[in-house]
$ cat final_7.txt   # compact mmCIF, C-alpha atoms and all ligand atoms
# COMPACT_ATOMS: atom_id res chain seq x y z
CA MET P 70 106.57 130.86 100.01
CA ALA P 71 104.16 129.24 97.55
CA ILE P 72 103.78 125.48 97.89
CA GLU P 73 104.82 123.63 94.76
CA THR P 74 101.88 121.62 93.46
CA PHE P 75 101.51 119.14 90.64
CA PRO P 76 98.42 117.81 88.86
CA VAL P 77 97.11 114.35 89.73
CA GLU P 78 94.40 112.47 87.88
CA LEU P 79 91.84 110.23 89.54
CA ALA P 80 92.51 106.73 88.16
CA TRP P 81 89.69 104.92 89.96
CA ARG P 82 87.37 105.11 92.96
CA ARG P 83 85.42 102.60 94.99
CA HIS P 84 84.07 102.14 98.48
CA ALA P 85 86.57 100.39 100.76
CA THR P 86 83.88 100.10 103.47
CA PRO P 87 80.27 101.36 103.46
CA HIS P 88 81.56 104.63 104.92
CA VAL P 89 85.08 105.04 103.51
CA LEU P 90 85.91 106.07 99.95
CA HIS P 91 89.05 104.55 98.39
CA LEU P 92 90.56 106.74 95.66
CA ALA P 93 93.62 106.19 93.47
CA PHE P 94 95.47 109.09 91.85
CA ARG P 95 98.41 109.18 89.47
CA PRO P 96 100.58 112.14 88.45
CA ALA P 97 98.85 113.58 85.36
CA ASP P 98 102.16 113.77 83.47
CA GLY P 99 102.58 109.97 83.71
CA SER P 100 105.56 110.15 86.10
CA ALA P 101 105.74 108.23 89.38
CA LEU P 102 106.00 110.12 92.67
CA GLY P 103 108.67 108.84 95.03
CA PHE P 104 107.38 108.41 98.58
CA VAL P 105 108.17 106.45 101.70
CA PRO P 106 105.39 104.26 103.14
CA GLY P 107 103.73 106.18 105.98
CA GLN P 108 103.91 109.59 104.26
CA PHE P 109 100.92 111.68 103.23
CA LEU P 110 99.86 113.82 100.29
CA ASN P 111 98.21 117.20 100.36
CA LEU P 112 95.30 117.69 97.98
CA HIS P 113 94.50 121.28 97.04
CA PHE P 114 91.12 122.92 96.59
CA GLU P 115 89.96 126.34 95.42
CA THR P 116 87.50 128.10 97.70
CA GLU P 117 86.00 131.57 97.69
CA HIS P 118 88.78 132.51 100.12
CA GLY P 119 91.56 131.13 97.96
CA ASN P 120 93.49 127.89 97.77
CA THR P 121 93.45 125.45 100.69
CA HIS P 122 94.51 121.88 101.16
CA ARG P 123 93.77 118.72 103.14
CA SER P 124 96.16 115.89 103.99
CA TYR P 125 95.66 112.18 103.25
CA SER P 126 97.94 109.27 104.15
CA ILE P 127 99.07 107.26 101.16
CA ALA P 128 97.47 103.84 101.51
CA ASN P 129 99.63 101.76 99.18
CA PRO P 130 103.35 101.05 98.82
CA PRO P 131 105.17 102.72 95.92
CA GLY P 132 104.67 100.66 92.77
CA ALA P 133 105.50 100.65 89.08
CA ASP P 134 101.98 101.83 88.21
CA GLY P 135 102.68 105.20 89.94
CA LEU P 136 99.34 105.09 91.77
CA MET P 137 98.80 106.85 95.09
CA GLU P 138 95.80 105.49 96.93
CA ILE P 139 94.00 107.28 99.73
CA ALA P 140 91.13 106.24 101.99
CA MET P 141 88.83 109.13 102.84
CA SER P 142 86.26 109.09 105.60
CA PRO P 143 83.80 111.81 104.60
CA VAL P 144 82.92 114.53 107.08
CA PRO P 145 79.38 115.80 106.42
CA GLY P 146 79.59 119.18 104.66
CA GLY P 147 83.41 119.05 104.69
CA LEU P 148 85.14 120.95 101.93
CA ALA P 149 87.49 118.18 100.81
CA SER P 150 84.97 115.45 101.63
CA ASP P 151 82.45 116.90 99.19
CA ALA P 152 85.03 117.72 96.53
CA LEU P 153 86.64 114.27 96.63
CA ALA P 154 83.30 112.46 96.69
CA ALA P 155 82.34 114.30 93.48
CA LEU P 156 85.50 113.34 91.56
CA GLU P 157 85.18 110.98 88.61
CA PRO P 158 87.99 108.99 86.96
CA GLY P 159 89.91 111.27 84.62
CA ASP P 160 89.31 114.40 86.75
CA VAL P 161 92.48 116.31 87.62
CA ILE P 162 93.24 118.19 90.87
CA GLN P 163 96.39 119.67 92.38
CA ALA P 164 98.53 117.85 94.95
CA SER P 165 101.73 118.49 96.86
CA GLY P 166 104.09 116.28 98.78
CA PRO P 167 104.87 113.69 99.80
CA PHE P 168 105.25 114.87 103.39
CA GLY P 169 105.70 113.39 106.84
CA ARG P 170 108.04 111.45 109.08
CA PHE P 171 105.59 108.80 110.24
CA VAL P 172 107.67 106.10 108.58
CA LEU P 173 109.60 103.01 109.57
CA ARG P 174 113.16 103.86 110.54
CA GLU P 175 116.44 102.01 110.36
CA GLU P 176 116.74 100.54 113.85
CA PRO P 177 117.59 97.35 115.75
CA ALA P 178 114.99 94.58 115.68
CA CYS P 179 112.01 95.34 117.91
CA ARG P 180 108.27 94.75 117.95
CA TYR P 181 106.24 97.34 116.10
CA VAL P 182 102.81 97.90 117.60
CA LEU P 183 100.95 99.77 114.88
CA VAL P 184 97.75 101.32 116.17
CA GLY P 185 95.18 103.16 114.06
CA THR P 186 91.58 104.26 114.29
CA GLY P 187 89.39 104.54 111.19
CA THR P 188 91.40 105.71 108.20
CA GLY P 189 94.39 106.04 110.54
CA ILE P 190 95.22 102.46 109.64
CA THR P 191 96.12 103.37 106.04
CA PRO P 192 99.84 104.17 106.54
CA TYR P 193 100.33 100.61 107.82
CA ARG P 194 98.87 99.14 104.61
CA ALA P 195 101.53 101.08 102.69
CA MET P 196 104.17 99.65 105.05
CA LEU P 197 103.20 95.97 104.58
CA PRO P 198 106.01 95.00 102.12
CA THR P 199 108.63 96.65 104.37
CA LEU P 200 107.12 94.98 107.43
CA GLN P 201 107.21 91.65 105.61
CA GLN P 202 110.91 92.13 104.95
CA ARG P 203 111.57 93.12 108.58
CA LEU P 204 109.84 90.02 109.91
CA GLY P 205 112.65 88.11 108.21
CA GLU P 206 115.17 90.30 110.06
CA GLY P 207 113.89 89.45 113.56
CA PHE P 208 111.27 92.20 113.96
CA LYS P 209 107.76 91.46 115.21
CA VAL P 210 104.59 93.31 114.25
CA HIS P 211 101.19 93.74 115.90
CA ILE P 212 98.65 95.76 113.90
CA LEU P 213 95.74 97.02 115.98
CA ILE P 214 92.81 98.78 114.34
CA GLY P 215 89.86 100.51 115.99
CA VAL P 216 86.59 101.10 114.12
CA TRP P 217 82.92 101.38 115.01
CA ARG P 218 81.92 97.95 113.75
CA ARG P 219 83.19 95.02 111.71
CA GLU P 220 81.83 96.30 108.39
CA GLU P 221 84.03 99.40 108.78
CA LEU P 222 87.20 97.32 109.11
CA LEU P 223 89.25 99.24 106.58
CA PHE P 224 91.65 97.01 104.60
CA GLY P 225 90.97 94.29 107.17
CA ALA P 226 91.43 91.55 104.56
CA ASP P 227 94.93 92.86 103.72
CA PHE P 228 96.00 92.94 107.36
CA ARG P 229 94.53 89.54 108.10
CA ALA P 230 96.30 88.06 105.07
CA PHE P 231 99.56 89.60 106.31
CA ALA P 232 99.22 88.19 109.83
CA ASP P 233 97.67 84.86 108.89
CA GLY P 234 99.99 82.02 109.82
CA GLN P 235 102.99 84.33 109.74
CA GLU P 236 105.49 83.94 112.58
CA GLY P 237 105.88 87.22 114.49
CA ALA P 238 102.89 88.98 112.89
CA GLU P 239 99.55 89.64 114.59
CA PHE P 240 96.43 91.58 113.73
CA SER P 241 93.58 92.57 116.02
CA ALA P 242 90.52 94.76 115.75
CA CYS P 243 88.51 96.70 118.32
CA TYR P 244 84.88 97.65 117.74
CA SER P 245 83.68 100.60 119.79
CA ARG P 246 79.98 100.61 118.89
CA GLU P 247 78.78 97.20 117.73
CA PHE P 248 80.25 93.80 118.54
CA PRO P 249 79.52 90.89 116.15
CA ALA P 250 77.65 87.81 117.34
CA ASP P 251 80.36 85.56 115.86
CA PRO P 252 83.66 87.19 116.86
CA GLY P 253 86.97 85.73 115.80
CA PRO P 254 89.84 85.49 118.32
CA TRP P 255 91.28 88.68 116.78
CA GLU P 256 88.14 90.75 117.40
CA HIS P 257 87.51 92.70 120.61
CA SER P 258 85.00 95.12 122.02
CA GLY P 259 85.91 98.68 123.05
CA TYR P 260 88.59 101.22 122.26
CA VAL P 261 92.09 100.34 121.11
CA GLN P 262 93.54 101.80 124.33
CA THR P 263 91.80 99.06 126.30
CA ARG P 264 93.82 96.41 124.40
CA PHE P 265 97.20 97.71 125.50
CA ALA P 266 97.01 95.82 128.79
CA HIS P 267 96.60 92.56 126.82
CA LEU P 268 99.50 92.91 124.39
CA GLY P 269 102.34 92.18 126.80
CA LEU P 270 103.79 95.61 126.01
CA ASP P 271 107.41 96.15 126.95
CA PRO P 272 109.06 99.59 126.67
CA GLU P 273 112.43 97.82 126.22
CA LYS P 274 111.30 95.91 123.14
CA ASP P 275 108.32 97.67 121.60
CA ILE P 276 107.89 100.79 119.47
CA VAL P 277 104.31 102.01 119.22
CA TYR P 278 102.95 103.90 116.21
CA LEU P 279 99.66 105.76 116.75
CA CYS P 280 97.67 107.23 113.87
CA GLY P 281 94.26 108.81 113.39
CA ASN P 282 91.86 110.41 115.85
CA PRO P 283 93.78 112.96 117.99
CA GLY P 284 91.75 112.06 121.12
CA MET P 285 92.68 108.39 120.77
CA ILE P 286 96.34 109.33 120.37
CA ASP P 287 96.38 111.58 123.45
CA GLU P 288 94.63 108.98 125.61
CA SER P 289 96.90 106.22 124.30
CA VAL P 290 100.01 108.23 125.09
CA GLU P 291 98.83 108.65 128.69
CA VAL P 292 98.15 104.92 129.05
CA LEU P 293 101.48 104.01 127.47
CA LYS P 294 103.45 106.50 129.57
CA ALA P 295 101.91 104.93 132.66
CA MET P 296 103.24 101.60 131.35
CA GLY P 297 106.77 103.02 131.23
CA PHE P 298 106.98 104.22 127.61
CA THR P 299 108.74 107.49 126.83
CA LEU P 300 107.96 109.68 123.82
CA LYS P 301 111.05 108.18 122.13
CA GLN P 302 109.25 104.87 121.78
CA LEU P 303 105.98 106.46 120.60
CA ARG P 304 105.50 107.77 117.05
CA ARG P 305 102.38 109.76 116.27
CA GLU P 306 100.38 111.03 113.29
CA LYS P 307 97.33 113.02 114.33
CA TYR P 308 94.57 113.48 111.77
CA LEU P 309 93.94 117.05 112.90
CA SER P 310 91.22 118.83 111.00
CA ALA P 311 92.49 121.66 108.85
CA ARG P 312 92.33 125.33 109.64
CA PRO P 313 89.53 127.21 107.89
CA ALA P 314 90.30 128.25 104.32
CA ARG P 315 91.04 131.84 105.36
C1 LIG J 401 98.71 114.18 108.37
C2 LIG J 401 97.22 113.97 108.14
C3 LIG J 401 96.81 112.86 107.46
C4 LIG J 401 95.44 112.65 107.23
N1 LIG J 401 95.05 111.53 106.57
C5 LIG J 401 93.74 111.30 106.38
C6 LIG J 401 93.32 110.10 105.71
O1 LIG J 401 94.13 109.26 105.30
N2 LIG J 401 91.98 109.91 105.55
C7 LIG J 401 91.05 110.83 106.00
O2 LIG J 401 89.84 110.61 105.81
N3 LIG J 401 91.44 111.96 106.64
C8 LIG J 401 92.74 112.22 106.81
N4 LIG J 401 93.13 113.37 107.44
C9 LIG J 401 92.08 114.39 107.75
C10 LIG J 401 91.84 115.22 106.47
O3 LIG J 401 93.00 115.97 106.14
C11 LIG J 401 90.68 116.23 106.59
O4 LIG J 401 90.84 116.98 107.76
C12 LIG J 401 89.31 115.54 106.61
O5 LIG J 401 89.14 114.80 105.39
C13 LIG J 401 88.17 116.59 106.71
O6 LIG J 401 88.36 117.55 105.69
P1 LIG J 401 87.12 118.31 105.04
O7 LIG J 401 87.70 119.42 104.19
O8 LIG J 401 86.17 117.37 104.38
O9 LIG J 401 86.37 118.93 106.28
P2 LIG J 401 86.48 120.46 106.79
O10 LIG J 401 85.83 121.35 105.77
O11 LIG J 401 87.92 120.73 107.13
O12 LIG J 401 85.65 120.39 108.12
C14 LIG J 401 84.22 120.45 108.11
C15 LIG J 401 83.71 120.34 109.52
O13 LIG J 401 83.94 119.01 110.01
C16 LIG J 401 84.76 119.04 111.18
N5 LIG J 401 85.70 117.91 111.04
C17 LIG J 401 86.83 117.85 110.31
N6 LIG J 401 87.41 116.64 110.40
C18 LIG J 401 86.61 115.91 111.20
C19 LIG J 401 86.64 114.58 111.68
N7 LIG J 401 87.67 113.75 111.37
N8 LIG J 401 85.64 114.15 112.47
C20 LIG J 401 84.61 114.96 112.79
N9 LIG J 401 84.51 116.24 112.38
C21 LIG J 401 85.50 116.72 111.60
C22 LIG J 401 85.50 120.38 111.15
O14 LIG J 401 85.83 120.82 112.45
C23 LIG J 401 84.43 121.27 110.51
O15 LIG J 401 83.50 121.72 111.45
C24 LIG J 401 94.49 113.59 107.69
C25 LIG J 401 94.92 114.74 108.39
C26 LIG J 401 96.27 114.92 108.61
C27 LIG J 401 96.71 116.15 109.37

$ encode --input "final_7.txt" --output "structure tokens"
Amino acid sequence: MAIETFPVELAWRRHATPHVLHLAFRPADGSALGFVPGQFLNLHFETEHGNTHRSYSIANPPGADGLMEIAMSPVPGGLASDALAALEPGDVIQASGPFGRFVLREEPACRYVLVGTGTGITPYRAMLPTLQQRLGEGFKVHILIGVWRREELLFGADFRAFADGQEGAEFSACYSREFPADPGPWEHSGYVQTRFAHLGLDPEKDIVYLCGNPGMIDESVEVLKAMGFTLKQLRREKYLSARPAR
């Protein structure tokens, strides 16, 4: 069955970090796409072997402007990476979606531990208004991001502003390659998995979201299972690379 696509226009582009490109699309017909924070879009590309697509988490909450932001970490020589990096405002491509179940659910108050590596942090930026509302309903939130170094802290200012001085909200960052000389109390060295032992995790009270690098997710699941978590308390979105175009 053919996937139903619709045209989207690039509204603007900028660098979110030195490495990551931040792109905003809007439906070309001026409508607004309904989506739930945490879902992703598929962007479609023509190749010599036919049409193919790549998935990107939507990085902003739904808004009146109808924009759908994505954060793309380019893979050298990657099909979508090259095509998206070449787009200019006003260019139109095909999209489909939204897709995905990596969303916040209706559930009793708990602590959300939202873990992401690289661009895997983007779904949580889209969730911030919902998380804000849930803080007022007795939920707690810890957002944990893993990147190579501080300058690659994607949307770090947004997460810090969310957690800053807010009861029940915390933000921390792990740097796997380069640790700053002037770390803040929220900055740590190493992989995100190494922080789990320091978060006072409790399978009775915490639900852990894991997004991004598949290796990080698999290792995290092992660590968390050893801490007593079952798959029911773990929600995952793996940024698997796509199958070849044919
Ligand atoms: C649900 C979902 C959500 C996603 N959300 C995002 C997102 O928000 N931001 C984002 O940047 N990506 C995201 N991805 C990954 C994205 O869909 C593409 O796989 C990625 O952009 C590479 O596509 P490409 O066409 O440029 O590379 P391809 O042409 O598919 O690959 C080129 C070469 O690079 C290798 N490769 C592919 N991906 C990687 C990688 N991550 N690291 C190292 N080598 C790689 C491939 O094996 C291949 O050899 C998501 C994936 C999924 C499944």

$ axis_aligned_box --input "final_7.txt" --around "ligand LIG 401 (chain J)" --padding-each-side "4 Å" --output "AutoDock Vina command-line options"
--center_x 91.1 --center_y 115.5 --center_z 108.5 --size_x 23.2 --size_y 20.5 --size_z 16.6

$ residues_near_ligand --input "final_7.txt" --ligand "ligand LIG 401 (chain J)" --cutoff "8 Å" --atoms "all atoms listed in the file" --output "PyMOL selection string"
chain P and resi 89+109-111+122-128+139-152+169+188-189+191-192+281-282+306-313

$ closest_atom_pairs --input "final_7.txt" --of "stretch 109-209 of chain P" --to "stretch 255-260 of chain P" --cutoff "12 Å" --atoms "only C-alpha atoms" --output "tab-separated table"
residue	atom	partner	partner_atom	distance
P:Val184	CA	P:Tyr260	CA	11.0
P:Gly185	CA	P:Tyr260	CA	10.7
P:Thr186	CA	P:Tyr260	CA	9.0
P:Gly187	CA	P:Tyr260	CA	11.6

$ closest_residue --input "final_7.txt" --among "P:Leu102, P:Val182, P:Ala232, P:Leu222" --to "P:Pro272" --atoms "only C-alpha atoms"
P:Val182

$ residues_around --input "final_7.txt" --residues "P:Pro76" --least-positions-apart "4" --cutoff "12 Å" --atoms "only C-alpha atoms" --output "PyMOL selection string"
chain P and resi 94-100+102+111-114+159-166

$ atom_distance --input "final_7.txt" --atom1 "atom CA of P:Val172" --atom2 "atom CA of P:Pro106"
6.2 Å

$ closest_residue --input "final_7.txt" --among "P:Pro87, P:Pro198, P:Gly284, P:Gly207" --to "P:Glu176" --atoms "all atoms listed in the file"
P:Gly207

$ atom_distance --input "final_7.txt" --atom1 "atom CA of P:Glu288" --atom2 "atom CA of P:Ser241"
19.0 Å

$ atom_distance --input "final_7.txt" --atom1 "atom CA of P:Gly132" --atom2 "atom CA of P:Leu200"
15.9 Å

$ closest_residue --input "final_7.txt" --among "P:Cys243, P:Ile286, P:Ala85, P:Ala178" --to "P:Phe208" --atoms "all atoms listed in the file"
P:Ala178

$ residues_around --input "final_7.txt" --residues "P:Arg203" --least-positions-apart "6" --cutoff "12 Å" --atoms "only C-alpha atoms" --output "PyMOL selection string"
chain P and resi 173-181+196-197+209-210+236-238

$ closest_residue --input "final_7.txt" --among "P:Arg304, P:His211, P:Lys294, P:Asp251" --to "P:Gln235" --atoms "all atoms listed in the file"
P:His211
